[in-house]
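Asker: Below: one structure in structure tokens.
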Amino acid sequence: MVELIDVLIFSALLLMIGIGGIFLNRKNLIIILLCIELILLAVNTNFIAFAYFLNDLNGQIFVFFILTVAAAEAAIGLAILLLLFRNKGSLAVDDISELKG
Amino acid sequence: MDLLTLSLLTLLLPLLGALAVGLLGRRLGRDFAYVMTIACVGGATACAALTFVQINFLKVPPFEVSLYKWLDFGVLGYQFEVGILIDALSSTMMLVVTFVSLIVHIYTVGYMDYDEDYPEENPYYQRFFSYISLFTFAMLALVMSNNFLQLFFGWEAVGLVSYLLIGFYMKRESAVQANLKAFLINRVGDLGFLLGIALVLMVFGTLNYGEVFAYLNENTEQVQSLQLSIPWVFGDVQWQMVTVIAICLFIGAMGKSAQMPLHTWLPESMEGPTPISALIHAATMVTAGIYMVARLHPLFLQSEVALSMILIVGATTAFMMGLLGIVQNDIKRVVAYSTLSQLGYMVAALGASAFVGGFFHVFTHAFFKALLFLAAGSVIVALHHIQDIRQMGGLRKYMPITYWCMLLGSLSLIGTPGFSGFFSKDLILLSVADSEIFGAGYAHILLMAGVFVTAFYSFRMFFVVFHGKPSDEVLKYQPKESFHSINFSLFALVLPSVFIGWLVVDSWIFGDYFTSVMGEGDESGGKHLAENYANGLALILHSPFSMPFYLAFAGVALAWLLYCKSPDLLEKMSNRFAKVHQILLDGYGFDRFNQWFFVRGSVRLGELLWRYGDVNIIDDGIINRGAKWVGGIASKVRLMQSGLIYHYAFTLIIGVMLLLGWLVYKNIVVS
Amino acid sequence: MLAFPELFFYLFATIAVLSAVGVVVSSNPVKATLLLVLTFAACAGIWLLLRAEFLAIMLILVYVGAVMVLFLFVVMMLDINLTSLKQRVSSYLPLGVMVMLVIFAELTWVFLSDTPTSVSSDKISSENVGNTLLLGELMFTEHLYSFELAALILLVAMILALVLTLGNFNQTPSKNLDVAKQVRVSSKDRLKIIKMESEDG
């Protein structure tokens with residue numbers, strides 16, 4: 001069977017890719033939301049790994065809740081995205097600089 | 001009645017009158033004002049007289065009571081109290097104060113009634129009565145106190161009422177300036193006085209006269225050996241403590257009793273109505289300083305340096321102010337400078353350790369100087385408020401009563417043998433002549449010369465006003481004797497001015513009147529004199545053999561020559577001495593110096609502080625620059641907010657990375 | 001030769017990582033979304049390997065089936081002009097990559113240190129009873145409160161989504177408002193002082 005460390009490195013990789021995606025992307029906003037989902041996935045995998053290797057069910061419980069909250073947050077994020085698109089007409093990240101100054 | 005009740009009545013009746021008239025006077029009218037205050041002060045006079053009788057004739061022992069302890073520093077052991085001390089000195093002073101105050105009240109009924117400049121309805125009348133009753137209360141508080149702090153309270157209170165009264169005509173600018181000047185110069189003296197009181201408290205641990213003097217008596221050497229050094233001002237020089245105390249207390253007396261150089265306020269104070277010039281600036285307030293020194297004489301006797309200083313200051317004042325009186329043209333100012341000169345005499349007497357002599361002169365001077373002021377006021381009122389003597393003349397025919405009063409008062413002032421002033425002045429001159437401390441010779445010469453000068457200026461004024469040809473204004477106004485109240489007051493004062501010296505000299509100077517108070521020190525001038533002269537009569541008989549008699553006579557003669565007989569001689573003399581005349585008119589430049597140094601200096605200092613301190617440093621430098629600085633920083637920092645999301649995210653993640661790094665370092669690397 | 005579990009693990013892991021990279025790199029949002037779906041699927045496989053059956057299925061059913069479909073809906077609904085999305089290479093690329101690598105290194109370092117042990121030991125994912133039953137037991141006894149709260153969060157999210165998109169039809173904020181420029185305004189832009197000769201009068 002795989003060692004704990006392997007799964008952990010895998011989840012760290014996913015995390016890294018997700019984080020990088022957030023600020024390296026200039027194209028559109030949806031990529032950012034997808035990257036957030038990636039980060040959450042990495043964290044979930046981490047929990048599952050620990051639950052298995054430490055024989056503790058609490059890890060899986062926590063994943064349950066993270067899933068719930070992630071779903072809710074995705075929904076709301078999409079709603080905001082929709083509104084932004086309605087007002088701006090484009091999803092380019094560079095155009096969203098209302099907070100400037 | 002027992003002394004406690006009498007003294008309380010004496011003290012509080014004038015206060016009652018002052019408050020009643022002050023608060024209700026406007027509503028209850030003019031008649032109420034003077035009836036109430038005269039009744040109260042009259043009652044106080046009666047009580048004071050009874051006290052006087054009990055102390056002096058019935059030989060009731062001196063009476064001290066502490067009425068109320070109002071502050072108790074438990075830890076330090078100090079107590080501040082309100083108390084009363086009645087002995088020969090204070091009972092005499094009480095009688096003088098209340099009696100002169102009563103006379104002035106009666107005089108004012110007539111004097112202030114006629115006020116052409118202010119015909120409209122105003123509470124001047126009531127306010128004036130309220131003030132002079134208040135003054136009586138304050139002076140009595142000063143005189144009757146048994147500790148330093150109450151003395152100071154009375155001191156300040158009389159200063160305050162003097163301020164109120166000098167500026168009585170408050171719409172006149174000169175009056176306002178005069179009362180400010182009086183108050184401020186008094187303040188300078190009060191500073192020294194307060195320092196002296198503080199030093200007394202520090203050295204003796206108590207402010208009660210009896211306790212201080214008892215301590216002094218028992219531990220004389222120890223107290224005399226105390227030293228004081230003031231590092232900030234004088235470096236490491238050691239001063240004898242008692243000298244410093246005495247000098248500080250005397251500075252207070254200098255301010256209140258108008259010795260040089262704190263004398264400039266007294267001539268200005270003539271801006272007030274004449275009754276108060278009589279009451280405050282001749283008879284009572286200015287003599288508070290003398291009273292204080294006489295009361296505290298055991299302290300002063302400890303320090304010869306202080307006594308020399310007192311002697312020199314007094315003698316200088318006596319002579320210099322007398323010289324200034326020669327060139328004055330305002331009738332009240334002549335009498336004011338005369339007061340200054342006589343105060344110098346009293347102070348010189350104190351310096352020569354003749355405390356009884358100094359107080360005696362206070363006593364007689366109160367009467368004849370008040371008489372002179374009130375007579376001058378009578379002239380002023382009769383001539384519709386003309387005060388310049390060059391516009392008067394020949395009033396002898398028009399106002400005989402005033403003429404005789406002024407003549408008798410002047411004779412008493414110059415020391416004509418047999419009059420009151422003779423005894424007190426002669427006493428002073430003899431004491432100063434006998435004194436051997438530093439400066440005594442100088443003082444003696446000045447005081448002798450002062451006798452000549454006193455006679456000269458008194459009779460100059462007398463001749464110019466009452467003799468000679470009537471001036472145009474006199475002919476225009478056709479003056480006649482004024483109100484009955486004025487005449488009554490003049491009469492009431494003439495008798496004491498002439499006779500009271502004769503009445504008391506025996507028991508005071510040659511007897512043991514003051515032994516309970518002052519007899520212990522053998523420098524008391526009276527004791528010394530008793531060895532040489534048997535009694536007062538001997539003094540009179542001796543007078544033609546002594547200098548003062550001839551000096552006074554010469555002064556009168558010169559005045560008669562210059563102002564009556566041959567005025568052209570006067571012209572020639574004044575041309576010869578024009579420069580001296582100028583200096584005298586200028587008042588030796590004291591006023592100019594004060595104005596230039598203190599007044600303009602303070603104004604300029606204030607301006608400097610305002611312009612550089614306030615505007616430059618605080619307003620521009622700190623406040624404005626601070627605001628600009630904040631604004632500047634904010635405008636730079638603001639540029640960091642680009643508004644782009646990924647910038648923010650990036651910053652966020654870098655923060656996360658750093659945080660993680662720190663945690664890793666702390667927990668894994670270090671451990 | 002690798003045993004089956006390891007083989008599958010590495011297979012799924014590779015798929016997941018590659019498709020994750022694809023999500024970040026791809027220019028087409030639809031493609032990105034679908035690649036994310038693939039990532040989720042691979043991860044679900046790994047979770048199965050790690051004996052989290054219930055959650056693996058949950059991931060596919062709920063997360064992929066619902067949330068990702070939602071994403072697709074929105075992406076396809078928004079009329080995105082594909083041609084206008086230009087490729088802009090971020091100037092932060094070197095710095096960003098470095099940051100990423102640093103985070104990765106830190107995490108690895110952490111993971112390489114001592115392996116922790118569990119604190120609470122009664123809960124086991126045992127073979128006899130099944131993961132789901134055990135999860136259910138734990139959830140409805142000890143974590144009941146959190147469970148209810150999670151339900152509430154979902155409710156709130158639902159309401160919020162509705163409110164945000166359906167509410168305030170008639171009021172749209174002005175599109176010409178540039179707040180940043182307004183904040184940076186200074187008196188020189190607005191006021192001009194002109195010196196004039198004074199009139200005689």
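A note on labels: chains of the structure tokens are A, B, ... as shown, every chain counts residues from 1, and ligands are counted from 1 in their shown order.
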Identify, on the basis of only C-alpha atoms, every residue whose closest approach to Leu70 in chain C does not exceed 12 Å; exclude the query and any residue fewer than 3 positions from it along the same chain; express the result as a list in words.
Answerer: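 The filter keeps Leu34, Ala71, Ala72, Ala74, Ala75, Ile76, Gly77, Leu78 and Ala79 of chain A; Val30, Thr33, Leu34, Val37, Val62, Tyr63, Val64, Gly65, Ala66, Val67, Phe73, Val74, Val75, Met76 and Met77 of chain C.
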Asker: Select all residues from chain A having any atom no more than 7 Å from an atom of chain C (counting only C-alpha atoms, ignoring ligands), output as number ranges by chain.
Answerer: A: 1-2, 5, 9-10, 12-14, 16-17, 20-21, 24, 26-27, 30-31, 48-49, 52, 54-57, 65, 68, 71-72, 75-76, 79, 83, 98, 100-101
Asker: Please, could you write that set of residues out with C-alpha atoms as a PDB file, in the first residue's frame?
Answerer:
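Here's the written file selection_25.pdb:
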ATOM      1  CA  MET A   1       0.000   0.000   0.000  1.00  0.00           C
ATOM      2  CA  VAL A   2       1.078   3.573  -0.510  1.00  0.00           C
ATOM      3  CA  ILE A   5       3.750  10.697   2.557  1.00  0.00           C
ATOM      4  CA  ILE A   9       2.749  15.030  -1.572  1.00  0.00           C
ATOM      5  CA  PHE A  10       0.054  14.482  -4.108  1.00  0.00           C
ATOM      6  CA  ALA A  12       0.390  19.358  -1.873  1.00  0.00           C
ATOM      7  CA  LEU A  13       0.881  19.278  -5.606  1.00  0.00           C
ATOM      8  CA  LEU A  14      -2.758  19.842  -6.265  1.00  0.00           C
ATOM      9  CA  MET A  16       0.209  24.281  -5.427  1.00  0.00           C
ATOM     10  CA  ILE A  17      -1.341  24.099  -8.836  1.00  0.00           C
ATOM     11  CA  GLY A  20      -0.692  29.222  -8.799  1.00  0.00           C
ATOM     12  CA  GLY A  21      -3.709  29.204 -10.998  1.00  0.00           C
ATOM     13  CA  LEU A  24      -1.133  33.395 -12.810  1.00  0.00           C
ATOM     14  CA  ARG A  26      -5.174  36.598 -16.718  1.00  0.00           C
ATOM     15  CA  LYS A  27      -7.841  35.207 -18.865  1.00  0.00           C
ATOM     16  CA  ILE A  30     -14.089  31.362 -14.088  1.00  0.00           C
ATOM     17  CA  ILE A  31     -10.628  29.933 -13.936  1.00  0.00           C
ATOM     18  CA  ILE A  48      -9.004  11.468   3.792  1.00  0.00           C
ATOM     19  CA  ALA A  49      -5.386  10.365   3.811  1.00  0.00           C
ATOM     20  CA  TYR A  52      -7.083   6.285   6.654  1.00  0.00           C
ATOM     21  CA  LEU A  54      -4.494   7.197  11.532  1.00  0.00           C
ATOM     22  CA  ASN A  55      -7.602   5.074  11.632  1.00  0.00           C
ATOM     23  CA  ASP A  56      -9.708   7.995  12.667  1.00  0.00           C
ATOM     24  CA  LEU A  57     -13.151   8.615  11.248  1.00  0.00           C
ATOM     25  CA  PHE A  65     -18.622  19.452   5.929  1.00  0.00           C
ATOM     26  CA  THR A  68     -21.063  21.120   1.863  1.00  0.00           C
ATOM     27  CA  ALA A  71     -20.871  23.639  -2.767  1.00  0.00           C
ATOM     28  CA  ALA A  72     -22.568  26.570  -1.187  1.00  0.00           C
ATOM     29  CA  ALA A  75     -23.105  28.591  -5.962  1.00  0.00           C
ATOM     30  CA  ILE A  76     -22.736  32.036  -4.536  1.00  0.00           C
ATOM     31  CA  ALA A  79     -24.122  34.176  -8.781  1.00  0.00           C
ATOM     32  CA  LEU A  83     -23.896  39.867 -11.835  1.00  0.00           C
ATOM     33  CA  GLU A  98     -13.325  48.996  -9.074  1.00  0.00           C
ATOM     34  CA  LYS A 100      -8.608  50.976  -7.311  1.00  0.00           C
ATOM     35  CA  GLY A 101      -7.282  53.879  -5.276  1.00  0.00           C
TER      36      GLY A 101
END
Asker: Neighbours of Ala552 in chain B within 9 Å (only C-alpha atoms; same-chain residues fewer than 6 positions away dropped), as a ChimeraX atom specification?
Answerer: /B:414-416,451-456
Asker: The selected residues should be written to file as a PDB file, in the first residue's frame (atoms: N, CA, C and O atoms).
Answerer:
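File produced: out32.pdb:
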ATOM      1  N   ILE B 414       3.269 119.692  60.306  1.00  0.00           N
ATOM      2  CA  ILE B 414       4.675 120.089  60.276  1.00  0.00           C
ATOM      3  C   ILE B 414       5.337 119.980  61.627  1.00  0.00           C
ATOM      4  O   ILE B 414       6.541 120.144  61.752  1.00  0.00           O
ATOM      5  N   GLY B 415       4.559 119.695  62.659  1.00  0.00           N
ATOM      6  CA  GLY B 415       5.178 119.480  63.957  1.00  0.00           C
ATOM      7  C   GLY B 415       5.290 120.725  64.802  1.00  0.00           C
ATOM      8  O   GLY B 415       6.305 120.928  65.471  1.00  0.00           O
ATOM      9  N   THR B 416       4.274 121.535  64.734  1.00  0.00           N
ATOM     10  CA  THR B 416       4.264 122.700  65.606  1.00  0.00           C
ATOM     11  C   THR B 416       4.151 122.237  67.049  1.00  0.00           C
ATOM     12  O   THR B 416       3.335 121.381  67.350  1.00  0.00           O
ATOM     13  N   VAL B 451      11.883 117.711  57.395  1.00  0.00           N
ATOM     14  CA  VAL B 451      11.026 118.607  58.180  1.00  0.00           C
ATOM     15  C   VAL B 451      10.866 119.932  57.453  1.00  0.00           C
ATOM     16  O   VAL B 451       9.761 120.478  57.327  1.00  0.00           O
ATOM     17  N   PHE B 452      11.973 120.445  56.965  1.00  0.00           N
ATOM     18  CA  PHE B 452      11.934 121.698  56.206  1.00  0.00           C
ATOM     19  C   PHE B 452      11.041 121.549  54.975  1.00  0.00           C
ATOM     20  O   PHE B 452      10.175 122.378  54.693  1.00  0.00           O
ATOM     21  N   VAL B 453      11.254 120.479  54.263  1.00  0.00           N
ATOM     22  CA  VAL B 453      10.505 120.277  53.019  1.00  0.00           C
ATOM     23  C   VAL B 453       9.009 120.137  53.312  1.00  0.00           C
ATOM     24  O   VAL B 453       8.169 120.690  52.606  1.00  0.00           O
ATOM     25  N   THR B 454       8.701 119.402  54.390  1.00  0.00           N
ATOM     26  CA  THR B 454       7.289 119.212  54.741  1.00  0.00           C
ATOM     27  C   THR B 454       6.621 120.554  54.991  1.00  0.00           C
ATOM     28  O   THR B 454       5.542 120.837  54.459  1.00  0.00           O
ATOM     29  N   ALA B 455       7.306 121.368  55.799  1.00  0.00           N
ATOM     30  CA  ALA B 455       6.717 122.670  56.099  1.00  0.00           C
ATOM     31  C   ALA B 455       6.546 123.474  54.822  1.00  0.00           C
ATOM     32  O   ALA B 455       5.510 124.107  54.599  1.00  0.00           O
ATOM     33  N   PHE B 456       7.538 123.386  53.960  1.00  0.00           N
ATOM     34  CA  PHE B 456       7.497 124.195  52.742  1.00  0.00           C
ATOM     35  C   PHE B 456       6.319 123.806  51.864  1.00  0.00           C
ATOM     36  O   PHE B 456       5.532 124.655  51.451  1.00  0.00           O
TER      37      PHE B 456
END
Asker: Pull the alpha helix (DSSP H) assignments for range 26-68 of chain C out of DSSP run on the backbone, and list those residues as an MDAnalysis selection string.
Answerer: chainID C and resid 29:49 53:58
Asker: Quick check, in Å to one decimal: how far apart do CA of Ala253 in chain B and CA of Met292 in chain B lie?
Answerer: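 CA of Met292 in chain B lies 7.5 Å from CA of Ala253 in chain B.
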Asker: Distance limit 8 Å, atoms considered: only C-alpha atoms. Which chain B residues sit that close to chain C? Return them as a list of chain:residue names.
Answerer: B:Ile654, B:Met657, B:Leu660, B:Gly661, B:Val664, B:Ile668
Asker: Up to 9 Å from chain A, what residues of chain B turn up? Count only C-alpha atoms and give them as a list of chain:residue names.
Answerer: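 Every residue meeting the condition is included here: B:Arg638, B:Leu639, B:Met640, B:Gln641, B:Ser642, B:Gly643, B:Leu644, B:Ile645, B:Tyr646, B:His647, B:Tyr648, B:Ala649, B:Phe650, B:Ile653.
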Asker: Find the residues near range 87-92 of chain B: any atom within 10 Å, counting only C-alpha atoms, skip ones fewer than 3 places away on the same chain, and give them as a short mmCIF file (atom, residue, chain, number, x, y, z; two decimals) with N, CA and C atoms, in the first residue's frame.
Answerer:
data_model
loop_
_atom_site.label_atom_id
_atom_site.label_comp_id
_atom_site.auth_asym_id
_atom_site.auth_seq_id
_atom_site.Cartn_x
_atom_site.Cartn_y
_atom_site.Cartn_z
N SER B 7 -15.49 92.29 70.32
CA SER B 7 -14.61 92.25 69.15
C SER B 7 -15.34 91.66 67.95
N ALA B 48 -15.65 99.27 69.51
CA ALA B 48 -14.20 99.45 69.57
C ALA B 48 -13.83 100.36 70.72
N ALA B 49 -14.65 101.39 70.92
CA ALA B 49 -14.35 102.31 72.02
C ALA B 49 -14.44 101.59 73.35
N LEU B 50 -15.49 100.76 73.49
CA LEU B 50 -15.63 100.00 74.72
C LEU B 50 -14.44 99.08 74.94
N THR B 51 -14.02 98.45 73.85
CA THR B 51 -12.86 97.57 73.96
C THR B 51 -11.65 98.37 74.42
N PHE B 52 -11.47 99.51 73.78
CA PHE B 52 -10.34 100.37 74.11
C PHE B 52 -10.35 100.73 75.59
N VAL B 53 -11.56 101.10 76.05
CA VAL B 53 -11.67 101.49 77.45
C VAL B 53 -11.31 100.32 78.35
N GLN B 54 -11.81 99.16 78.01
CA GLN B 54 -11.55 98.01 78.86
C GLN B 54 -10.07 97.67 78.90
N ILE B 55 -9.44 97.71 77.76
CA ILE B 55 -8.04 97.32 77.74
C ILE B 55 -7.18 98.37 78.45
N ASN B 56 -7.46 99.60 78.17
CA ASN B 56 -6.51 100.63 78.59
C ASN B 56 -6.82 101.23 79.94
N LYS B 59 -7.74 98.01 82.48
CA LYS B 59 -6.61 97.10 82.56
C LYS B 59 -7.00 95.65 82.44
N VAL B 60 -7.93 95.38 81.53
CA VAL B 60 -8.25 93.98 81.24
C VAL B 60 -7.06 93.39 80.50
N PRO B 61 -6.67 92.20 80.83
CA PRO B 61 -5.48 91.65 80.17
C PRO B 61 -5.74 91.35 78.69
N PRO B 62 -4.69 91.28 77.93
CA PRO B 62 -4.86 91.02 76.49
C PRO B 62 -5.58 89.71 76.24
N PHE B 63 -6.29 89.69 75.16
CA PHE B 63 -7.28 88.65 74.95
C PHE B 63 -7.01 87.99 73.61
N GLU B 64 -6.82 86.70 73.67
CA GLU B 64 -6.63 86.02 72.40
C GLU B 64 -7.54 84.81 72.33
N ILE B 84 -8.69 85.95 66.99
CA ILE B 84 -8.73 87.37 67.37
C ILE B 84 -7.73 87.61 68.47
N LEU B 95 -9.80 101.27 67.19
CA LEU B 95 -10.53 102.50 67.44
C LEU B 95 -10.26 103.52 66.34
N VAL B 96 -9.01 103.63 65.94
CA VAL B 96 -8.67 104.57 64.88
C VAL B 96 -9.43 104.24 63.60
N VAL B 97 -9.37 102.97 63.25
CA VAL B 97 -9.98 102.57 61.97
C VAL B 97 -11.47 102.83 61.99
N LEU B 140 -10.27 95.77 59.72
CA LEU B 140 -10.40 95.23 61.06
C LEU B 140 -9.94 93.79 61.12
N LEU B 142 -7.64 92.51 59.39
CA LEU B 142 -6.19 92.58 59.42
C LEU B 142 -5.68 92.92 60.81
N VAL B 143 -6.31 93.92 61.42
CA VAL B 143 -5.81 94.43 62.68
C VAL B 143 -6.06 93.44 63.81
N MET B 144 -7.19 92.78 63.77
CA MET B 144 -7.56 91.93 64.89
C MET B 144 -7.04 90.51 64.76
N SER B 145 -6.28 90.22 63.76
CA SER B 145 -5.93 88.82 63.57
C SER B 145 -4.87 88.39 64.56
N TYR B 291 1.74 98.88 60.78
CA TYR B 291 1.13 98.08 61.83
C TYR B 291 1.72 96.67 61.84
N ALA B 294 5.15 96.70 63.29
CA ALA B 294 5.10 96.92 64.74
C ALA B 294 4.62 95.66 65.45
N ARG B 295 3.64 95.02 64.87
CA ARG B 295 3.10 93.81 65.46
C ARG B 295 4.16 92.72 65.51
N VAL B 356 7.11 101.87 68.98
CA VAL B 356 6.06 102.69 69.57
C VAL B 356 5.99 104.02 68.85
N PHE B 359 4.32 103.71 65.52
CA PHE B 359 2.87 103.53 65.65
C PHE B 359 2.20 104.80 66.12
N PHE B 363 -0.89 106.84 64.41
CA PHE B 363 -2.08 107.27 65.14
C PHE B 363 -2.40 108.74 64.89
N TYR B 513 1.95 101.89 78.67
CA TYR B 513 0.79 101.51 77.87
C TYR B 513 1.06 100.31 76.97
N PHE B 514 2.23 100.36 76.38
CA PHE B 514 2.52 99.32 75.40
C PHE B 514 3.41 98.22 75.94
N THR B 515 3.64 98.21 77.23
CA THR B 515 4.60 97.21 77.69
C THR B 515 4.09 95.80 77.45
N SER B 516 2.79 95.65 77.57
CA SER B 516 2.30 94.29 77.38
C SER B 516 2.56 93.82 75.96
N VAL B 517 2.66 94.77 75.08
CA VAL B 517 2.86 94.37 73.69
C VAL B 517 4.33 94.43 73.30
N MET B 518 4.92 95.54 73.62
CA MET B 518 6.24 95.78 73.02
C MET B 518 7.33 96.02 74.03
#
Asker: Quick one: residues within 8 Å of range 174-187 of chain B, only C-alpha atoms counted, chain neighbours fewer than 5 positions away excluded, as a list in words?
Answerer: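 Near range 174-187 of chain B, the qualifying residues are Gly159, Leu160, Ser162, Tyr163, Leu164, Ile166, Gly167, Phe168, Tyr169, Gly252, Gly255, Lys256, Leu262, Trp265, Leu266, Glu268, Ser269, Glu271 and Gly272 of chain B.
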